[in-house]
Amino acid sequence: MNRTILPPLATALVLVAAPLAAQNGLRDIPDTAVEAQLKAFKLIEGAKINLFAHEPAVANPTHMNWDARGRLWVVSSPLYPHIQPGQEEQDKIVILEDTDGDGVADKHTDFATNLHIPTAVLPGDGGCYVANSVEVLFLRDTDGDDVADERRVVLSGFGTEDTHHLVHTFRWGPEGMLWLNQSIYIHTHLETPYGVRRLLGGGMWHYRPETRRAEVFMKGLVNAWGHAFDTYGQSFMTDGAGGQGINFVFPRSVVLSSPGATRILPGLNPGQPKHCGVEFLTGGHLPDALQDAMAAPDFRGNRINLFKLTDNGSAYTSTQIDDLVTSSHGAFRPIDVKMGPDGAVYIADWYNPIIQHGEVDFRDPRRDHKHGRIWRVTFDGRELVKKPEIAKASEAELLSALNAPEGWTRNAATVELRTRKPEVVLAAIAAAKAPEGVDAELFEIRKLWAAQSVNRFDPAAAITLTDAQNPKIRAAALRALYYDAAATDGVLAAAERAVSDPNPQVRLWAVSVLAQLDSPDTVKIALRALDGVPVDDFLDFAVWSICREHAARWKPATTTGNPFATPAQLLYAVRALNE
């Protein structure tokens, strides 16, 4: 294996060495007409594109997510990259709706208008969560007019050192938690009921609104504007400034540019373009060749790259395939991509000839603060998906929707379950059976996630699934255990079995669970994960990390002998401390 070890000033050196794509010489401002953009598109075979929404309904869209009613919530931020003296706040959250099903938004509503450079919106829990500079807001409409009249701060203490590094990229996880990212120049000191949580650079958080518990999941990435979950709940991230393509991340993993890091993990596509956003393409409308492909907007290159993942040890190999969309129009800036309820692919086009704010003046007149588009990609000869009835579905119907081939439907069902009474959801879970054609173990992990989504985790079910036949289910079960491992009986024994699993990724997750526990034997057990299988960078990193983090549990014993099973394990642990 090849370890990447960085000296203390590595982050600064990496950033200084990175070439800057200066735009000060730009003189040819692209034609703003929609027709000019349409003519400039080149699409993957069989695809076509249409304009779903545009200015003045939206301007400079920076993020978008759907609600259970099939409406698209969009952040519109013409203030970006900063507010000028005396300028009024004009950023907003817009709800876009296609009421007649023709693939074009014919209704828009300004849900909230008094926002300051918002960077994310996520409908759910009867309202929406919004990243608003240094805080996360929960906005709610209480009188049915689709205009927010309740505003509450749910998280505060995020840094504000750089407007394109602010907290961003909100997404619901399959377990019902809110996931959010921040970037390298942000220094966060987050106050929670569980104590202050700090992240002094890039990384990703998870947050459970009903308990207000927020924790750091991983560290690193320069400008981490992308996160998506695969079918089995594994996390993949993209970086708007890092150039590593798709990044596989797991608890305590550290990737490019984490301040002070002594070791980092590589991305899956070193040397690939910088990406803003990422989405797994799923569902019946898509061609078979694109199923589970990852769409990642290359906003600098005016295109959307596609990648396919294959298993590789404890991680993955990511292979780039033909682009979904490319454009010769210099203001086409795709910065977010999401699957829609109709099975189409939706693209947030920030629309701007100027994308930097490091080498171009904040008030440069070439910056476009008026335009913004949402594009929709469909495929000829393939039926669109019938929009599912999520908001009006029963709990049993929502459990069934968790098995839909469309990731959009599965996610929407999870979010809707969060609004239902937990005891009713648990009764539906107990009665639910795997439908024909759906893998029984996969349905069991989805039921486990459904219980987590209403904060009623079933640890016994999770421990049972650590013995599933499918190693991806075993890994997913360990991930489900990870969040509450310290308070769950039987976890240590399950993790101890899993560190010797035939599958390296299961071992990686077993080590991640061990890192959450107070047992004096965590490192002794974790070191077994290095035996009997090929060890790649990712599994090695997990074991290396726990040796360092839990050093107080084994280091004192080295003064009188070897606290581990073999001299090789002792040598490994000692080397981990010295790297």
# chains A, B, ... in the order shown; residues from 1 in each chain; ligands from 1
>>> closest_atom_pairs(of="segment 226-250 of chain A", to="segment 167-170 of chain A", cutoff="10 Å", atoms="only C-alpha atoms", output="JSON lines")
{"residue": "A:Gly226", "atom": "CA", "partner": "A:Thr169", "partner_atom": "CA", "distance": 6.2}
{"residue": "A:His227", "atom": "CA", "partner": "A:Thr169", "partner_atom": "CA", "distance": 7.0}
{"residue": "A:Ala228", "atom": "CA", "partner": "A:Thr169", "partner_atom": "CA", "distance": 9.8}
>>> residues_around(residues="segment 572-577 of chain A", least_positions_apart="6", cutoff="8 Å", atoms="only C-alpha atoms", output="number ranges by chain")
A: 544-545, 547-548, 551
>>> residues_around(residues="Ala428 of chain A", least_positions_apart="6", cutoff="8 Å", atoms="only C-alpha atoms", output="ChimeraX atom specification")
/A:395-396,399
>>> write_last_selection(atoms="N, CA and C atoms", output="short mmCIF file (atom, residue, chain, number, x, y, z; two decimals), in the first residue's frame")
data_model
loop_
_atom_site.label_atom_id
_atom_site.label_comp_id
_atom_site.auth_asym_id
_atom_site.auth_seq_id
_atom_site.Cartn_x
_atom_site.Cartn_y
_atom_site.Cartn_z
N GLU A 395 -48.35 4.80 6.21
CA GLU A 395 -47.04 4.33 6.67
C GLU A 395 -46.66 3.03 5.97
N ALA A 396 -47.62 2.15 5.76
CA ALA A 396 -47.32 0.90 5.05
C ALA A 396 -46.90 1.18 3.61
N LEU A 399 -43.34 2.39 3.57
CA LEU A 399 -42.39 1.28 3.70
C LEU A 399 -42.20 0.58 2.36
#
>>> select_by_dssp(residues="segment 363-406 of chain A", states="alpha helix (DSSP H)", output="VMD selection string")
chain A and resid 395 to 401
>>> write_last_selection(atoms="C-alpha atoms", output="PDB file, in the first residue's frame")
ATOM      1  CA  GLU A 395     -47.041   4.332   6.670  1.00  0.00           C
ATOM      2  CA  ALA A 396     -47.323   0.902   5.050  1.00  0.00           C
ATOM      3  CA  GLU A 397     -47.191   2.495   1.607  1.00  0.00           C
ATOM      4  CA  LEU A 398     -44.130   4.495   2.611  1.00  0.00           C
ATOM      5  CA  LEU A 399     -42.390   1.276   3.698  1.00  0.00           C
ATOM      6  CA  SER A 400     -43.196  -0.183   0.308  1.00  0.00           C
ATOM      7  CA  ALA A 401     -41.842   2.945  -1.401  1.00  0.00           C
TER       8      ALA A 401
END
>>> residues_around(residues="segment 317-334 of chain A", least_positions_apart="3", cutoff="8 Å", atoms="only C-alpha atoms", output="ChimeraX atom specification")
/A:29-30,36-37,40-44,246,268-269,276,295,297-300,302-312,337,347-354
>>> write_last_selection(atoms="N, CA and C atoms", output="short mmCIF file (atom, residue, chain, number, x, y, z; two decimals), in the first residue's frame")
data_model
loop_
_atom_site.label_atom_id
_atom_site.label_comp_id
_atom_site.auth_asym_id
_atom_site.auth_seq_id
_atom_site.Cartn_x
_atom_site.Cartn_y
_atom_site.Cartn_z
N ILE A 29 -18.34 38.16 -23.40
CA ILE A 29 -19.42 37.74 -22.50
C ILE A 29 -20.44 36.95 -23.30
N PRO A 30 -20.77 35.72 -22.88
CA PRO A 30 -21.69 34.89 -23.66
C PRO A 30 -23.09 35.50 -23.78
N ALA A 36 -29.43 30.52 -27.05
CA ALA A 36 -27.99 30.40 -27.22
C ALA A 36 -27.44 29.25 -26.40
N GLN A 37 -27.97 29.07 -25.21
CA GLN A 37 -27.53 27.94 -24.40
C GLN A 37 -27.99 26.61 -24.99
N ALA A 40 -25.85 25.33 -27.66
CA ALA A 40 -24.48 25.00 -27.25
C ALA A 40 -24.36 23.65 -26.55
N PHE A 41 -25.49 23.00 -26.24
CA PHE A 41 -25.45 21.74 -25.51
C PHE A 41 -25.09 20.57 -26.42
N LYS A 42 -24.32 19.63 -25.86
CA LYS A 42 -24.11 18.32 -26.45
C LYS A 42 -24.42 17.30 -25.38
N LEU A 43 -25.30 16.35 -25.71
CA LEU A 43 -25.81 15.42 -24.70
C LEU A 43 -25.37 13.99 -24.99
N ILE A 44 -25.34 13.19 -23.95
CA ILE A 44 -25.05 11.77 -24.11
C ILE A 44 -26.11 11.14 -25.02
N ILE A 246 -14.19 11.54 -7.48
CA ILE A 246 -15.06 10.97 -6.45
C ILE A 246 -14.22 10.55 -5.25
N LEU A 268 -10.77 8.82 -5.60
CA LEU A 268 -10.84 7.67 -6.51
C LEU A 268 -10.47 8.03 -7.94
N ASN A 269 -10.37 9.33 -8.24
CA ASN A 269 -10.04 9.78 -9.60
C ASN A 269 -9.00 10.90 -9.57
N CYS A 276 -18.65 20.21 -8.37
CA CYS A 276 -19.57 20.85 -7.44
C CYS A 276 -20.89 20.07 -7.48
N ALA A 295 -23.30 11.32 -11.29
CA ALA A 295 -23.22 12.55 -12.07
C ALA A 295 -22.58 13.63 -11.22
N PRO A 297 -21.11 17.57 -11.55
CA PRO A 297 -20.93 18.77 -12.38
C PRO A 297 -19.50 19.31 -12.34
N ASP A 298 -18.90 19.43 -13.51
CA ASP A 298 -17.61 20.10 -13.68
C ASP A 298 -17.93 21.53 -14.10
N PHE A 299 -18.13 22.40 -13.12
CA PHE A 299 -18.62 23.74 -13.39
C PHE A 299 -17.60 24.59 -14.14
N ARG A 300 -16.32 24.30 -13.99
CA ARG A 300 -15.30 25.05 -14.72
C ARG A 300 -15.28 24.65 -16.19
N ASN A 302 -17.88 23.47 -17.88
CA ASN A 302 -19.21 23.60 -18.51
C ASN A 302 -19.76 22.24 -18.92
N ARG A 303 -19.74 21.30 -18.01
CA ARG A 303 -20.19 19.94 -18.34
C ARG A 303 -20.53 19.17 -17.07
N ILE A 304 -21.16 18.02 -17.25
CA ILE A 304 -21.42 17.10 -16.15
C ILE A 304 -20.76 15.77 -16.46
N ASN A 305 -19.77 15.42 -15.64
CA ASN A 305 -19.08 14.14 -15.80
C ASN A 305 -19.91 13.00 -15.23
N LEU A 306 -19.65 11.80 -15.74
CA LEU A 306 -20.27 10.59 -15.22
C LEU A 306 -19.20 9.60 -14.82
N PHE A 307 -19.45 8.90 -13.71
CA PHE A 307 -18.52 7.89 -13.21
C PHE A 307 -19.29 6.63 -12.82
N LYS A 308 -18.65 5.50 -12.98
CA LYS A 308 -19.21 4.22 -12.53
C LYS A 308 -18.28 3.62 -11.48
N LEU A 309 -18.87 3.09 -10.41
CA LEU A 309 -18.11 2.50 -9.32
C LEU A 309 -18.10 0.99 -9.41
N THR A 310 -16.97 0.39 -9.04
CA THR A 310 -16.87 -1.06 -8.86
C THR A 310 -16.15 -1.30 -7.55
N ASP A 311 -16.46 -2.41 -6.89
CA ASP A 311 -15.84 -2.73 -5.62
C ASP A 311 -14.35 -2.97 -5.80
N ASN A 312 -13.58 -2.51 -4.82
CA ASN A 312 -12.13 -2.71 -4.85
C ASN A 312 -11.62 -2.72 -3.42
N VAL A 337 -26.90 18.78 -9.17
CA VAL A 337 -27.66 17.87 -10.02
C VAL A 337 -28.46 16.95 -9.11
N ILE A 347 -30.72 19.93 -13.36
CA ILE A 347 -29.42 20.58 -13.23
C ILE A 347 -29.62 22.03 -12.82
N ALA A 348 -28.99 22.43 -11.73
CA ALA A 348 -28.97 23.84 -11.34
C ALA A 348 -27.81 24.52 -12.04
N ASP A 349 -28.13 25.47 -12.90
CA ASP A 349 -27.14 26.22 -13.67
C ASP A 349 -27.00 27.60 -13.02
N TRP A 350 -25.90 27.80 -12.31
CA TRP A 350 -25.67 29.06 -11.61
C TRP A 350 -25.56 30.22 -12.58
N TYR A 351 -25.24 29.92 -13.80
CA TYR A 351 -25.14 30.85 -14.93
C TYR A 351 -24.28 32.08 -14.59
N ASN A 352 -23.03 32.02 -15.02
CA ASN A 352 -22.14 33.14 -14.79
C ASN A 352 -20.87 32.98 -15.60
N PRO A 353 -20.41 34.03 -16.27
CA PRO A 353 -19.11 33.93 -16.95
C PRO A 353 -17.95 33.97 -15.96
N ILE A 354 -18.19 34.50 -14.76
CA ILE A 354 -17.16 34.62 -13.72
C ILE A 354 -17.51 33.66 -12.59
#
>>> residues_around(residues="Leu517 of chain A", least_positions_apart="4", cutoff="12 Å", atoms="only C-alpha atoms", output="list in words")
Leu481, Tyr482, Tyr483, Asp484, Ala485, Ala486, Ala487, Thr488, Asp489, Gly490, Val491, Leu492, Ala493, Ala495, Glu496, Ala510, Val511, Ser512, Val513, Asp521, Thr522, Val523, Ile525, Ala526, Ile546, Glu549, His550 and Arg553 of chain A
>>> write_last_selection(atoms="N, CA, C and O atoms", output="mmCIF file, in the first residue's frame")
data_model
loop_
_atom_site.group_PDB
_atom_site.id
_atom_site.type_symbol
_atom_site.label_atom_id
_atom_site.label_comp_id
_atom_site.auth_asym_id
_atom_site.auth_seq_id
_atom_site.Cartn_x
_atom_site.Cartn_y
_atom_site.Cartn_z
ATOM 1 N N LEU A 481 -24.937 0.812 13.304
ATOM 2 C CA LEU A 481 -24.545 0.686 14.706
ATOM 3 C C LEU A 481 -23.589 1.800 15.137
ATOM 4 O O LEU A 481 -23.555 2.181 16.304
ATOM 5 N N TYR A 482 -22.820 2.301 14.205
ATOM 6 C CA TYR A 482 -21.752 3.259 14.508
ATOM 7 C C TYR A 482 -22.250 4.460 15.301
ATOM 8 O O TYR A 482 -21.626 4.887 16.282
ATOM 9 N N TYR A 483 -23.394 5.035 14.910
ATOM 10 C CA TYR A 483 -23.840 6.304 15.482
ATOM 11 C C TYR A 483 -24.161 6.197 16.969
ATOM 12 O O TYR A 483 -23.966 7.157 17.714
ATOM 13 N N ASP A 484 -24.676 5.052 17.413
ATOM 14 C CA ASP A 484 -25.052 4.875 18.820
ATOM 15 C C ASP A 484 -24.295 3.718 19.454
ATOM 16 O O ASP A 484 -24.769 3.113 20.415
ATOM 17 N N ALA A 485 -23.114 3.425 18.933
ATOM 18 C CA ALA A 485 -22.380 2.238 19.374
ATOM 19 C C ALA A 485 -22.089 2.259 20.867
ATOM 20 O O ALA A 485 -22.223 1.236 21.559
ATOM 21 N N ALA A 486 -21.695 3.414 21.405
ATOM 22 C CA ALA A 486 -21.284 3.480 22.804
ATOM 23 C C ALA A 486 -22.420 3.180 23.767
ATOM 24 O O ALA A 486 -22.175 2.776 24.912
ATOM 25 N N ALA A 487 -23.654 3.346 23.314
ATOM 26 C CA ALA A 487 -24.810 3.134 24.190
ATOM 27 C C ALA A 487 -25.573 1.858 23.854
ATOM 28 O O ALA A 487 -26.694 1.673 24.320
ATOM 29 N N THR A 488 -24.975 0.967 23.070
ATOM 30 C CA THR A 488 -25.682 -0.218 22.585
ATOM 31 C C THR A 488 -25.015 -1.488 23.086
ATOM 32 O O THR A 488 -23.819 -1.693 22.872
ATOM 33 N N ASP A 489 -25.783 -2.345 23.741
ATOM 34 C CA ASP A 489 -25.256 -3.617 24.225
ATOM 35 C C ASP A 489 -24.959 -4.555 23.062
ATOM 36 O O ASP A 489 -25.683 -4.583 22.066
ATOM 37 N N GLY A 490 -23.918 -5.333 23.196
ATOM 38 C CA GLY A 490 -23.586 -6.353 22.208
ATOM 39 C C GLY A 490 -22.781 -5.864 21.032
ATOM 40 O O GLY A 490 -22.397 -6.655 20.159
ATOM 41 N N VAL A 491 -22.470 -4.564 20.986
ATOM 42 C CA VAL A 491 -21.757 -4.020 19.838
ATOM 43 C C VAL A 491 -20.303 -4.481 19.808
ATOM 44 O O VAL A 491 -19.761 -4.783 18.744
ATOM 45 N N LEU A 492 -19.667 -4.538 20.966
ATOM 46 C CA LEU A 492 -18.266 -4.941 20.991
ATOM 47 C C LEU A 492 -18.090 -6.340 20.412
ATOM 48 O O LEU A 492 -17.190 -6.581 19.589
ATOM 49 N N ALA A 493 -18.958 -7.255 20.793
ATOM 50 C CA ALA A 493 -18.855 -8.628 20.284
ATOM 51 C C ALA A 493 -19.102 -8.666 18.778
ATOM 52 O O ALA A 493 -18.416 -9.397 18.049
ATOM 53 N N ALA A 495 -18.574 -6.229 16.603
ATOM 54 C CA ALA A 495 -17.410 -5.636 15.941
ATOM 55 C C ALA A 495 -16.216 -6.579 15.964
ATOM 56 O O ALA A 495 -15.456 -6.660 14.995
ATOM 57 N N GLU A 496 -16.064 -7.307 17.067
ATOM 58 C CA GLU A 496 -14.935 -8.245 17.168
ATOM 59 C C GLU A 496 -15.067 -9.364 16.144
ATOM 60 O O GLU A 496 -14.078 -9.789 15.533
ATOM 61 N N ALA A 510 -16.055 -2.320 10.936
ATOM 62 C CA ALA A 510 -15.891 -2.866 12.284
ATOM 63 C C ALA A 510 -14.906 -2.023 13.087
ATOM 64 O O ALA A 510 -15.127 -1.708 14.259
ATOM 65 N N VAL A 511 -13.816 -1.619 12.452
ATOM 66 C CA VAL A 511 -12.833 -0.764 13.123
ATOM 67 C C VAL A 511 -13.448 0.595 13.448
ATOM 68 O O VAL A 511 -13.207 1.159 14.522
ATOM 69 N N SER A 512 -14.264 1.130 12.540
ATOM 70 C CA SER A 512 -14.927 2.404 12.799
ATOM 71 C C SER A 512 -15.846 2.317 14.008
ATOM 72 O O SER A 512 -15.929 3.260 14.808
ATOM 73 N N VAL A 513 -16.543 1.199 14.150
ATOM 74 C CA VAL A 513 -17.400 1.000 15.326
ATOM 75 C C VAL A 513 -16.560 0.891 16.592
ATOM 76 O O VAL A 513 -16.874 1.502 17.625
ATOM 77 N N ASP A 521 -9.798 -2.840 25.065
ATOM 78 C CA ASP A 521 -9.254 -3.751 24.051
ATOM 79 C C ASP A 521 -9.527 -3.315 22.615
ATOM 80 O O ASP A 521 -9.304 -4.091 21.680
ATOM 81 N N THR A 522 -9.997 -2.088 22.399
ATOM 82 C CA THR A 522 -10.382 -1.686 21.044
ATOM 83 C C THR A 522 -9.236 -1.813 20.043
ATOM 84 O O THR A 522 -9.425 -2.321 18.935
ATOM 85 N N VAL A 523 -8.050 -1.353 20.404
ATOM 86 C CA VAL A 523 -6.927 -1.404 19.472
ATOM 87 C C VAL A 523 -6.461 -2.845 19.288
ATOM 88 O O VAL A 523 -6.152 -3.276 18.165
ATOM 89 N N ILE A 525 -8.211 -5.476 19.348
ATOM 90 C CA ILE A 525 -9.157 -6.138 18.437
ATOM 91 C C ILE A 525 -8.999 -5.593 17.021
ATOM 92 O O ILE A 525 -8.975 -6.352 16.049
ATOM 93 N N ALA A 526 -8.867 -4.282 16.898
ATOM 94 C CA ALA A 526 -8.803 -3.658 15.568
ATOM 95 C C ALA A 526 -7.611 -4.142 14.761
ATOM 96 O O ALA A 526 -7.697 -4.276 13.530
ATOM 97 N N ILE A 546 -7.221 4.397 14.666
ATOM 98 C CA ILE A 546 -7.629 3.982 16.001
ATOM 99 C C ILE A 546 -6.411 3.749 16.899
ATOM 100 O O ILE A 546 -6.454 3.991 18.107
ATOM 101 N N GLU A 549 -5.725 7.345 17.992
ATOM 102 C CA GLU A 549 -6.774 7.942 18.806
ATOM 103 C C GLU A 549 -6.899 7.274 20.172
ATOM 104 O O GLU A 549 -7.185 7.930 21.177
ATOM 105 N N HIS A 550 -6.671 5.969 20.221
ATOM 106 C CA HIS A 550 -6.819 5.209 21.471
ATOM 107 C C HIS A 550 -5.463 4.821 22.060
ATOM 108 O O HIS A 550 -5.341 3.813 22.755
ATOM 109 N N ARG A 553 -4.814 3.691 25.688
ATOM 110 C CA ARG A 553 -5.294 2.388 26.143
ATOM 111 C C ARG A 553 -4.227 1.293 26.027
ATOM 112 O O ARG A 553 -4.374 0.235 26.614
#
>>> closest_atom_pairs(of="segment 263-337 of chain A", to="segment 112-134 of chain A", cutoff="12 Å", atoms="only C-alpha atoms", output="CSV")
residue,atom,partner,partner_atom,distance
A:Gly277,CA,A:Ala120,CA,11.7
A:Ile335,CA,A:Thr119,CA,11.4
A:Asp336,CA,A:Ala120,CA,10.7
>>> residues_around(residues="Val75 of chain A", least_positions_apart="4", cutoff="6 Å", atoms="only C-alpha atoms", output="list in words")
Pro61, Thr62, His63 and Ile93 of chain A
>>> write_last_selection(atoms="N, CA and C atoms", output="CSV table (one decimal), in the first residue's frame")
chain,number,residue,atom,x,y,z
A,61,PRO,N,-28.9,30.1,-8.9
A,61,PRO,CA,-29.2,29.1,-8.0
A,61,PRO,C,-28.0,28.3,-7.5
A,62,THR,N,-27.8,28.1,-6.2
A,62,THR,CA,-26.7,27.5,-5.6
A,62,THR,C,-26.9,26.1,-5.1
A,63,HIS,N,-28.2,25.8,-4.9
A,63,HIS,CA,-28.5,24.4,-4.3
A,63,HIS,C,-30.0,24.2,-4.5
A,93,ILE,N,-35.4,31.7,-0.9
A,93,ILE,CA,-35.7,30.3,-1.2
A,93,ILE,C,-37.0,30.3,-2.1
>>> atom_distance(atom1="atom CA of Phe111 of chain A", atom2="atom CA of Asp67 of chain A")
13.1 Å
>>> closest_atom_pairs(of="segment 426-484 of chain A", to="segment 229-244 of chain A", cutoff="10 Å", atoms="only C-alpha atoms", output="JSON lines")
{"residue": "A:Leu442", "atom": "CA", "partner": "A:Tyr232", "partner_atom": "CA", "distance": 8.0}
{"residue": "A:Ile445", "atom": "CA", "partner": "A:Tyr232", "partner_atom": "CA", "distance": 8.4}
{"residue": "A:Arg446", "atom": "CA", "partner": "A:Tyr232", "partner_atom": "CA", "distance": 9.0}
{"residue": "A:Trp449", "atom": "CA", "partner": "A:Gly233", "partner_atom": "CA", "distance": 9.4}
{"residue": "A:Lys472", "atom": "CA", "partner": "A:Tyr232", "partner_atom": "CA", "distance": 6.5}
{"residue": "A:Ile473", "atom": "CA", "partner": "A:Tyr232", "partner_atom": "CA", "distance": 6.9}
{"residue": "A:Arg474", "atom": "CA", "partner": "A:Tyr232", "partner_atom": "CA", "distance": 9.8}
{"residue": "A:Ala475", "atom": "CA", "partner": "A:Tyr232", "partner_atom": "CA", "distance": 8.4}
{"residue": "A:Ala476", "atom": "CA", "partner": "A:Tyr232", "partner_atom": "CA", "distance": 6.1}
{"residue": "A:Ala477", "atom": "CA", "partner": "A:Tyr232", "partner_atom": "CA", "distance": 9.5}
{"residue": "A:Arg479", "atom": "CA", "partner": "A:Gly233", "partner_atom": "CA", "distance": 8.3}
{"residue": "A:Ala480", "atom": "CA", "partner": "A:Gly233", "partner_atom": "CA", "distance": 9.2}
